[in-house]
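Data first, discussion second: the structure below is written as structure tokens.
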Amino acid sequence: MQPVAANGSIRLEMLRSVHPKLPMRQVAVTRSFYTEKLGFTVTADYGNYLIVEREKVELHFFEFVSLDPKENYGQVYIRVSDIDQLHRSFREAGVPLLPKEQPESKPWGQREFSLLDPDHNLLTFGQEV
């Protein structure tokens, strides 16, 4: 049975997932950081376009050689099931975390921490509390 919208029309469920596209200056640096530090796997490398995946999260990167990292506003919010374990594993891998000590509880009902990748894309990880 198809979902029905408030106006009585049939509402098709066409949106399935989202895969953020983030800028990168160097494929090798991005590949190394996401695979060696964050535990992602490369699923595609087209030279100037990279796709990495970890569990159900897929991130795309496009080459932007002239990117000034201090002017990069790329951001992704990733929901997780065990924020403390993920924070610990990244800390043990030597990833600089924000905040460094523990994930923080936020007024919007999440415990979170963030990190900046080599191109200053901000990745925020959160778990519902």
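Chains: A, B, ... in order of the structure tokens. Residues: from 1 per chain. Ligands: from 1, in order shown.
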Skipping near chain neighbours, those fewer than 3 positions away, what residues fall within 8 Å of Val27 in chain A using only C-alpha atoms, listed as a PyMOL selection string? chain A and resi 24+30-31+47-50+63
Would you kindly return, as number ranges by chain, each protein, DNA or RNA residue with an atom no farther than 7 Å from any atom of Leu122 in chain A, considering only C-alpha atoms and excluding same-chain residues fewer than 2 positions away? A: 74-76, 114-117, 120, 124
Output for the residues just chosen: all heavy atoms as a CSV table (one decimal), in the first residue's frame:
```
chain,number,residue,atom,x,y,z
A,74,GLY,N,32.7,22.9,4.9
A,74,GLY,CA,32.2,21.6,4.7
A,74,GLY,C,31.9,20.9,6.1
A,74,GLY,O,32.7,20.9,6.9
A,75,GLN,N,30.7,20.4,6.2
A,75,GLN,CA,30.3,19.8,7.5
A,75,GLN,C,29.4,18.6,7.3
A,75,GLN,O,28.5,18.6,6.3
A,75,GLN,CB,29.5,20.8,8.4
A,75,GLN,CG,30.3,22.0,8.8
A,75,GLN,CD,29.5,22.9,9.7
A,75,GLN,OE1,28.7,22.5,10.5
A,75,GLN,NE2,29.7,24.2,9.5
A,76,VAL,N,29.5,17.6,8.1
A,76,VAL,CA,28.6,16.4,8.1
A,76,VAL,C,28.3,16.1,9.5
A,76,VAL,O,29.2,16.1,10.4
A,76,VAL,CB,29.4,15.3,7.4
A,76,VAL,CG1,28.5,14.0,7.4
A,76,VAL,CG2,29.8,15.6,6.0
A,114,SER,N,33.4,16.2,17.7
A,114,SER,CA,33.7,16.6,16.4
A,114,SER,C,35.2,16.4,16.1
A,114,SER,O,36.0,16.3,17.0
A,114,SER,CB,33.3,18.1,16.1
A,114,SER,OG,31.9,18.3,16.3
A,115,LEU,N,35.5,16.5,14.8
A,115,LEU,CA,36.9,16.5,14.4
A,115,LEU,C,37.0,17.2,13.0
A,115,LEU,O,36.0,17.4,12.3
A,115,LEU,CB,37.4,15.1,14.2
A,115,LEU,CG,36.8,14.1,13.2
A,115,LEU,CD1,37.4,14.2,11.8
A,115,LEU,CD2,36.9,12.7,13.7
A,116,LEU,N,38.2,17.7,12.7
A,116,LEU,CA,38.4,18.3,11.4
A,116,LEU,C,39.3,17.4,10.6
A,116,LEU,O,40.4,16.9,11.2
A,116,LEU,CB,39.1,19.7,11.6
A,116,LEU,CG,38.3,20.8,12.2
A,116,LEU,CD1,39.2,22.0,12.6
A,116,LEU,CD2,37.2,21.2,11.3
A,117,ASP,N,39.0,17.1,9.4
A,117,ASP,CA,39.8,16.3,8.6
A,117,ASP,C,41.0,17.2,8.0
A,117,ASP,O,41.0,18.4,8.3
A,117,ASP,CB,39.0,15.6,7.5
A,117,ASP,CG,38.6,16.4,6.3
A,117,ASP,OD1,38.9,17.6,6.2
A,117,ASP,OD2,37.9,15.9,5.4
A,120,HIS,N,39.9,20.5,6.7
A,120,HIS,CA,39.0,21.2,7.6
A,120,HIS,C,37.5,21.0,7.3
A,120,HIS,O,36.7,21.9,7.7
A,120,HIS,CB,39.4,22.7,7.7
A,120,HIS,CG,40.6,23.0,8.5
A,120,HIS,ND1,40.8,24.2,9.1
A,120,HIS,CD2,41.7,22.2,8.8
A,120,HIS,CE1,42.0,24.1,9.8
A,120,HIS,NE2,42.5,23.0,9.5
A,124,THR,N,30.9,15.9,12.7
A,124,THR,CA,30.3,15.8,14.1
A,124,THR,C,29.6,14.5,14.2
A,124,THR,O,28.9,14.1,13.3
A,124,THR,CB,29.4,17.0,14.3
A,124,THR,OG1,30.1,18.2,14.2
A,124,THR,CG2,28.8,16.9,15.7
```
Taking the DSSP secondary structure from the backbone, can you list the residues of chain A that are strand (DSSP E), as a PyMOL selection string? chain A and resi 21-24+41-45+49-54+57-63+75-79+97-98+104-105+110-116+122-128
Residues near range 77-92 of chain A, cut-off 10 Å, only C-alpha atoms, skip fewer than 5 positions along chain, as a list in words: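 Close residues of range 77-92 of chain A: Pro20, Lys37, Leu38, Gly39, Val57, Leu97, Leu98, Pro99, Lys100, Glu101, Gln102, Pro103, Gln110, Arg111, Glu112, Phe113, Ser114, Leu115, Leu122, Leu123, Thr124, Phe125, Gly126, Gln127 and Glu128 of chain A.
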Contact residues around Val18 in chain A with only C-alpha atoms at 10 Å, ignoring same-chain residues under 3 positions, as a VMD selection string: chain A and resid 15 21 57 to 59
Store the residues picked out above in a file with C-alpha atoms, as a compact mmCIF listing (two decimals), in the first residue's frame.
```
# COMPACT_ATOMS: atom_id res chain seq x y z
CA LEU A 15 14.39 9.63 -1.06
CA LYS A 21 30.19 15.66 -1.12
CA VAL A 57 27.91 5.99 6.09
CA GLU A 58 29.19 6.93 2.65
CA LEU A 59 31.16 10.12 2.01
```
By how many Å are CA of Thr41 in chain A and CA of Arg54 in chain A apart? 6.3 Å
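The space separating CA of Pro96 in chain A from CA of Asp119 in chain A comes to 13.5 Å.
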Record the distance separating CA of Ser32 in chain A and CA of Ser66 in chain A, expressed in Å with one decimal.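 Atom-to-atom, CA of Ser32 in chain A and CA of Ser66 in chain A are spaced 19.8 Å apart.
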